[in-house]
Amino acid sequence: PAEEEDQGEQEEEQQPRKKQKQDNPYKVGTIKKIRVHNFMTYSGTVTITPGPRLNLVLGPNGTGKSSLVCALCIGMAGSPKRLGRADNLGDFVRRNCSETWTEITLSGGDAGRDVVIRRDIKLRYKIDADGQRVRSYDSSFQIDRVPCTMKQVTEKVAQFNIQFDNLCQFLPQDMVVEFARMNSYELLVATMKAMGDSQLERDHTALMQMRQQIKDAESELNRKSGRLQGLEVEHQEQHRDYERYAQREKLLGEVKLIKHKLHWLEVKANNDVLREAKDHYATSKQAYEELCDEAREEDGPIKKLEVRLQNLAKAHKKEEGDTRQVESRLLALNNKIDRDKQRADDQIQKIENLHKESDRRKSDITRLQGSVQSLEADLARMPASLPAELIQRQRELQLEQRELNSRLGQVEQDEQEIRSQGMLLEPRLHQIDAELSKMSNVRLMRLKRLEATARRPGITHTFDFVQQNRGMFKGPVYGPIGVEMDIKDPKWVAFVEKQCGAHLLNYCVTCKEDEMVMTDFMTRNKYTFSVYVFQGNFHVPLPHPLGDASAYSDYGILHTLDQTFDAPSLIKHVLTANSRINTVYIGEENAQLASEELFSKTNVRDLYTLTSTGMMKMSRSVSRYNSAAVNTSYEFVPRPTKLAHGTAASEADNSIATLQAQKARLQQEFSDLQSKLGQVNTSANDIRIQLQRVIDSLNQIANKKRENETMKARKEQALTLERNRLSTALKKPDPLANEDRFRQELQAMLGSLYQQAQQQVSLLADLWSKTKRIIAASLAVKEAETQVAALRQVTRERKEELRIKKADMETWAARVQKAREIFERSKAQALREYPRNEEVDAQCADLSDDQAELQDLQTQKTAEAQSIVCNNENVIREYKSRQAQIDTLKEEVATMRSDLEEKQNKLDELKQKWLPELQDLVAHINSKFSQSFAGIGSAGEVSLKEHDDFDKYAIEIRVKFRHEEDLQLLTGTRQSGGERSVSTILYLIALQDITWTPFRVVDEINQGMDPVNERRVFAQLVESSCQPETPQCFLLTPKLLPGLPMGEGITVLNIMNGPSIDNAVIATSNRHMGYMLYGKRWDCQQPLQPAVAAADAFGAIALNSSDDIMARHHQWCRWSEAVQVTTFVDALIDS
């Protein structure tokens, strides 16, 4: 069990390290133990203990040998792609399990501690965007039971020089052919990697990089040298233009010097103007300051007089405030007097209105009394009822009306009965017309026949839905399919119905949207018809993959089934996909006789034909298990029920004649009813006219009675209204009763007005006194203001003079500023465009200071310069730029040549170190490889292909297996599978003693070898793999030849695993040889020896020698195929 094994490992780890350092046959990086749990074919936890030298992993195909290789690669973070199997790690989990783990123990050698690498893989499921359940996985690693990352595991594996991507070290079953397919360069790289010391590979990589750098440098040197030569040629061609343009530049330089002198003369003139403006500004500023001092001395008297004016203004303002208060009080009193006067006037008007209202009351009472008396007299004169003759006439007319109503009711009843009979006939006529219309339409006749024979609901309803809703569909819609089919000959009807009968009620569309519309309609109505969607090009003719019917005319073939009827192209394509109408053939009566020959010599499988006994279908079928077993079946075709041709048409004619006769009879009955209805309507109209005259006479009498009653009611209503108004007027009091009270209120108002008038006189006297004081204060203020104005006039004149002086000063200040700006701008421009230095000043000193003379000289020099024609004004700049480029390129070319020589020296130095070592390595491999091939009676050599480019260095393997042949290059296509296997394993054997790698894995390399080569190769493999200091080796194979040579360093791992075998592990070790078996526990029927009994109890069998192991292995391979497990056990017990 896994728990016991874990406990055992912990006890081993707790042992002193001195025991581990004793003679350890497992070198650094070799595999000491492999443990897997639910990995691929392995169920539960399985422990595998390989030996330190050659491990033969044996077992039939499919029992789990390659699963062991997969466990090594996956468990140590190798890529699944190197196995040539599944890419998804989840595929390595045993079926019906959710997780797996691998645990690989790598030896630490004599001085180191073993390394245990564990990997756990757990499956998980998630829902993707489409709602599908997708399988994924989680993976984790541990090193010595400490969690770590995949990168850390990769680094640890690389420390042991374990290379799963190197076919010289790791060669799975599905990658054996890839070794031969490697090109020569890949074989060289794989061989250098397999050496263990990566110095050769690093030197090779460095040489390739250095060679590429030299190529790039040479290319760049050639490019720049060519560029240098081109520039020198261009430079020489442009030299004469350069001299002419140099003369022109000299003249232009003299012009520039003249401009320099002119600009600086202008600067000097601007400086003189600035100095003069400064002098004028200083003079005007001094005059302005003296005038300001005089103005300040005259400000004292004005300020004293302004203070006196302010005091007088304050006193005047105070008097004005007191006066405004008196005026405000007087104004309020005047307003109050006005209001009280208005109230007194209103009171007088009220007294006058009382007399007017009293007179109006008396007049209303008199008027209402006269109106009441007049209305009472009118009512007394009106009659009480109608005259007697009118009442008698009214009774006579009422009797006549009742008689006429009775006669009219009887006539209307007769009319209603006639109309009811006509209404019963009309629907029947419409129904017959509709049936006749349908019977005249062939498609509707087919639909009716389908509905009558199929006996499924909704056939007509669905058909009508499609016809009435054509606008809802994006493409054409056809159906039912049986309605759309027009069979050309009635004798083919049964064949068509037999082959296509399951699809006659279904529909065809050309897009998913139309399918959804039809499906929704059928779902709502619970119909079960199918809808076929054909999204291809249905306009192309139908293909006939077995050939046209004319090709089989010798066998009596007339048509293919699709040629016997007409239908829309879409219908035929759908029936081709569902009923194979383009591969079913129709034969004449004698076709049955040639059917056997037809079926045996052609690919025709289905044939319909007419026989003397009826219609028949013949079909050919081939057994799935034996292609030679061909069966021919015969089946009679029943008469058609859903489809029809001639018979249906005659039946339709009979139905139409019957319906037309019924229609003629019903139309005659309807005509008779219409005639009776006209007579009844005439009688009814006469009665209605008489009745209307009687009603009009009665209405006249009733109107007269109603008018009399209305007039009397109106008079009575008016009398009541007038009496109410009179009673209301009498109840109102006389307005003159309030006159005394109103007069007393008026007397009180007049007394209040007298008192207010006295107050008004007092306030007017006070206002006059204050007005006199305001006038005196105003005169004093006016006098002071006149004095201040006179002094201010003098001040204004002084200020005007100051303003003029100040303006003059500011004018000169502005002139100074402008002159300074002009001076500074001209100076800045001169410094920018014509900077001064001692050399330029010395040249300018020789020029005249007269600006006019200088300008004439400038014009002369400019004309001389312009006389030199300039086609390329940039010649000077280009000439100098090119000269600079030539100088730079010369330096760069010299430097690059020096660098290139240095790189070439380093390359030669590294090549002298790398190439001899590589040549010795290839020579050693060639020696071993040639000896190995000589040992099997063939020839082979390994050679190093040298080249100037190091990325084209390669190792070439040439072999020959026949004496008459020459050595041929080993490729993935030239040699057979067995020859490639022999070449591959012998090349690996040649690497065995010169490479340092912990282990090698070779899966089923002996498959395809002939027995002689397999025996020879195996002997060499044993000899090379069992030597000291050679890598651990795993050779996986389903079988080995008997009698093969064995050595002490061989460990046999015999694997037997399958779905019907319990998970029991049988393992043992004998001189580092183990035997592992997955199989059923053996049920021993007789007592065994103690050792054998113990072996059976623990599922282990000990064998004494490697020869016994191989012999029992071959017996096991033979006996296990016959499931003779017990016999095998007995044989083992005997041995």
# chains A, B, ... in the order shown; residues from 1 in each chain; ligands from 1
$ select_by_dssp --residues "region 892-995 of chain A" --states "alpha helix (DSSP H)" --output "PyMOL selection string"
chain A and resi 892-935+977-991
$ residues_around --residues "Glu415 (chain A)" --least-positions-apart "5" --cutoff "8 Å" --atoms "only C-alpha atoms" --output "VMD selection string"
chain A and resid 677 680 to 681
$ write_last_selection --atoms "all heavy atoms" --output "CSV table (one decimal), in the first residue's frame"
chain,number,residue,atom,x,y,z
A,677,LEU,N,-89.6,36.5,-51.6
A,677,LEU,CA,-89.2,37.7,-50.7
A,677,LEU,C,-89.5,39.0,-51.3
A,677,LEU,O,-90.0,39.9,-50.6
A,677,LEU,CB,-87.6,37.6,-50.5
A,677,LEU,CG,-87.1,38.7,-49.5
A,677,LEU,CD1,-87.7,38.5,-48.1
A,677,LEU,CD2,-85.5,38.5,-49.5
A,680,VAL,N,-93.4,39.5,-50.6
A,680,VAL,CA,-93.6,39.9,-49.2
A,680,VAL,C,-93.2,41.3,-48.9
A,680,VAL,O,-93.8,42.0,-48.2
A,680,VAL,CB,-92.9,38.8,-48.4
A,680,VAL,CG1,-93.0,39.3,-46.9
A,680,VAL,CG2,-93.5,37.5,-48.5
A,681,ASN,N,-92.1,41.7,-49.5
A,681,ASN,CA,-91.6,43.1,-49.3
A,681,ASN,C,-92.6,44.1,-49.8
A,681,ASN,O,-92.8,45.2,-49.2
A,681,ASN,CB,-90.2,43.3,-50.0
A,681,ASN,CG,-89.1,42.6,-49.2
A,681,ASN,OD1,-89.3,42.3,-48.0
A,681,ASN,ND2,-88.0,42.2,-49.9
$ atom_distance --atom1 "CA of Ala748 (chain A)" --atom2 "CA of Ile348 (chain A)"
12.7 Å
$ atom_distance --atom1 "CA of Gly29 (chain A)" --atom2 "CA of Ile162 (chain A)"
7.9 Å
$ residues_around --residues "Val1022 (chain A)" --least-positions-apart "4" --cutoff "12 Å" --atoms "only C-alpha atoms" --output "JSON, numbers by chain"
{"A": [53, 54, 55, 56, 985, 986, 989, 992, 1015, 1016, 1017, 1018, 1026, 1027, 1030, 1032, 1033, 1034, 1035, 1044, 1045, 1046, 1047, 1048, 1049, 1050, 1051]}
$ residues_around --residues "Pro733 (chain A)" --least-positions-apart "6" --cutoff "12 Å" --atoms "only C-alpha atoms" --output "list in words"
Leu354, Glu357, Ser358, Arg361 and Lys362 of chain A
$ write_last_selection --atoms "N, CA, C and O atoms" --output "CSV table (one decimal), in the first residue's frame"
chain,number,residue,atom,x,y,z
A,354,LEU,N,-80.3,107.0,0.2
A,354,LEU,CA,-81.4,106.5,1.0
A,354,LEU,C,-82.8,106.9,0.4
A,354,LEU,O,-83.7,106.1,0.3
A,357,GLU,N,-83.4,104.9,-3.0
A,357,GLU,CA,-83.7,103.5,-2.8
A,357,GLU,C,-85.2,103.4,-2.3
A,357,GLU,O,-85.9,102.5,-2.6
A,358,SER,N,-85.6,104.3,-1.4
A,358,SER,CA,-87.0,104.2,-0.9
A,358,SER,C,-88.0,104.4,-2.0
A,358,SER,O,-89.0,103.7,-2.1
A,361,ARG,N,-88.2,101.2,-4.2
A,361,ARG,CA,-88.9,100.1,-3.6
A,361,ARG,C,-90.4,100.2,-3.8
A,361,ARG,O,-91.1,99.2,-4.1
A,362,LYS,N,-90.9,101.4,-3.6
A,362,LYS,CA,-92.3,101.6,-3.8
A,362,LYS,C,-92.8,101.3,-5.2
A,362,LYS,O,-93.8,100.7,-5.5
$ residues_around --residues "Arg820 (chain A)" --least-positions-apart "6" --cutoff "10 Å" --atoms "only C-alpha atoms" --output "list in words"
Asn270, Asn271, Val273, Leu274, Arg275, Ala277, Lys278, Ala814 and Ser826 of chain A
$ atom_distance --atom1 "CA of Pro638 (chain A)" --atom2 "CA of Met445 (chain A)"
21.9 Å
$ decode --residues "region 535-547 of chain A" --atoms "all heavy atoms" --output "short mmCIF file (atom, residue, chain, number, x, y, z; two decimals), in the first residue's frame"
data_model
loop_
_atom_site.label_atom_id
_atom_site.label_comp_id
_atom_site.auth_asym_id
_atom_site.auth_seq_id
_atom_site.Cartn_x
_atom_site.Cartn_y
_atom_site.Cartn_z
N GLN A 535 -28.58 24.29 -46.98
CA GLN A 535 -27.88 25.57 -47.11
C GLN A 535 -26.86 25.58 -48.24
O GLN A 535 -26.08 26.51 -48.35
CB GLN A 535 -27.20 25.92 -45.78
CG GLN A 535 -28.20 26.15 -44.65
CD GLN A 535 -27.53 26.50 -43.36
OE1 GLN A 535 -26.46 25.99 -43.06
NE2 GLN A 535 -28.14 27.36 -42.58
N GLY A 536 -26.85 24.54 -49.06
CA GLY A 536 -25.92 24.53 -50.18
C GLY A 536 -26.55 25.16 -51.42
O GLY A 536 -27.61 25.78 -51.38
N ASN A 537 -25.86 24.99 -52.55
CA ASN A 537 -26.35 25.52 -53.82
C ASN A 537 -27.27 24.45 -54.44
O ASN A 537 -26.81 23.45 -54.98
CB ASN A 537 -25.18 25.83 -54.75
CG ASN A 537 -25.63 26.44 -56.06
OD1 ASN A 537 -26.82 26.74 -56.24
ND2 ASN A 537 -24.71 26.61 -56.99
N PHE A 538 -28.58 24.66 -54.35
CA PHE A 538 -29.53 23.66 -54.83
C PHE A 538 -29.89 23.87 -56.31
O PHE A 538 -30.77 23.19 -56.84
CB PHE A 538 -30.80 23.65 -53.97
CG PHE A 538 -31.50 24.98 -53.89
CD1 PHE A 538 -32.43 25.38 -54.85
CD2 PHE A 538 -31.24 25.83 -52.83
CE1 PHE A 538 -33.06 26.58 -54.76
CE2 PHE A 538 -31.88 27.06 -52.74
CZ PHE A 538 -32.80 27.43 -53.71
N HIS A 539 -29.24 24.87 -56.95
CA HIS A 539 -29.52 25.12 -58.36
C HIS A 539 -28.68 24.22 -59.28
O HIS A 539 -28.95 24.15 -60.48
CB HIS A 539 -29.28 26.59 -58.69
CG HIS A 539 -30.18 27.53 -57.94
ND1 HIS A 539 -31.54 27.59 -58.14
CD2 HIS A 539 -29.90 28.43 -56.96
CE1 HIS A 539 -32.06 28.50 -57.35
NE2 HIS A 539 -31.09 29.02 -56.62
N VAL A 540 -27.63 23.61 -58.74
CA VAL A 540 -26.79 22.75 -59.57
C VAL A 540 -27.52 21.43 -59.84
O VAL A 540 -28.33 20.98 -59.02
CB VAL A 540 -25.44 22.48 -58.88
CG1 VAL A 540 -24.70 23.76 -58.66
CG2 VAL A 540 -25.66 21.77 -57.54
N PRO A 541 -27.27 20.79 -60.99
CA PRO A 541 -27.92 19.49 -61.27
C PRO A 541 -27.50 18.44 -60.26
O PRO A 541 -26.41 18.49 -59.67
CB PRO A 541 -27.43 19.15 -62.68
CG PRO A 541 -26.95 20.45 -63.26
CD PRO A 541 -26.45 21.27 -62.13
N LEU A 542 -28.38 17.44 -60.06
CA LEU A 542 -28.06 16.36 -59.13
C LEU A 542 -26.92 15.50 -59.69
O LEU A 542 -26.92 15.15 -60.88
CB LEU A 542 -29.28 15.47 -58.91
CG LEU A 542 -30.37 16.00 -57.98
CD1 LEU A 542 -31.47 14.96 -57.86
CD2 LEU A 542 -29.81 16.33 -56.62
N PRO A 543 -25.93 15.18 -58.87
CA PRO A 543 -24.87 14.27 -59.34
C PRO A 543 -25.35 12.82 -59.30
O PRO A 543 -26.29 12.47 -58.57
CB PRO A 543 -23.75 14.51 -58.33
CG PRO A 543 -24.46 14.89 -57.08
CD PRO A 543 -25.69 15.66 -57.50
N HIS A 544 -24.71 11.96 -60.07
CA HIS A 544 -24.99 10.52 -60.05
C HIS A 544 -23.67 9.80 -59.79
O HIS A 544 -22.95 9.44 -60.73
CB HIS A 544 -25.61 10.06 -61.37
CG HIS A 544 -26.96 10.67 -61.62
ND1 HIS A 544 -27.13 11.88 -62.25
CD2 HIS A 544 -28.21 10.25 -61.26
CE1 HIS A 544 -28.43 12.16 -62.32
NE2 HIS A 544 -29.11 11.20 -61.72
N PRO A 545 -23.30 9.65 -58.50
CA PRO A 545 -21.97 9.11 -58.18
C PRO A 545 -21.74 7.69 -58.70
O PRO A 545 -20.60 7.30 -58.92
CB PRO A 545 -21.93 9.16 -56.64
CG PRO A 545 -23.36 9.22 -56.23
CD PRO A 545 -24.10 9.96 -57.30
N LEU A 546 -22.83 6.90 -58.90
CA LEU A 546 -22.65 5.53 -59.41
C LEU A 546 -22.77 5.48 -60.93
O LEU A 546 -22.70 4.40 -61.52
CB LEU A 546 -23.68 4.60 -58.77
CG LEU A 546 -23.64 4.51 -57.24
CD1 LEU A 546 -24.66 3.51 -56.75
CD2 LEU A 546 -22.25 4.13 -56.76
N GLY A 547 -23.01 6.65 -61.56
CA GLY A 547 -23.12 6.69 -63.01
C GLY A 547 -24.55 6.91 -63.46
O GLY A 547 -25.52 6.62 -62.73
#
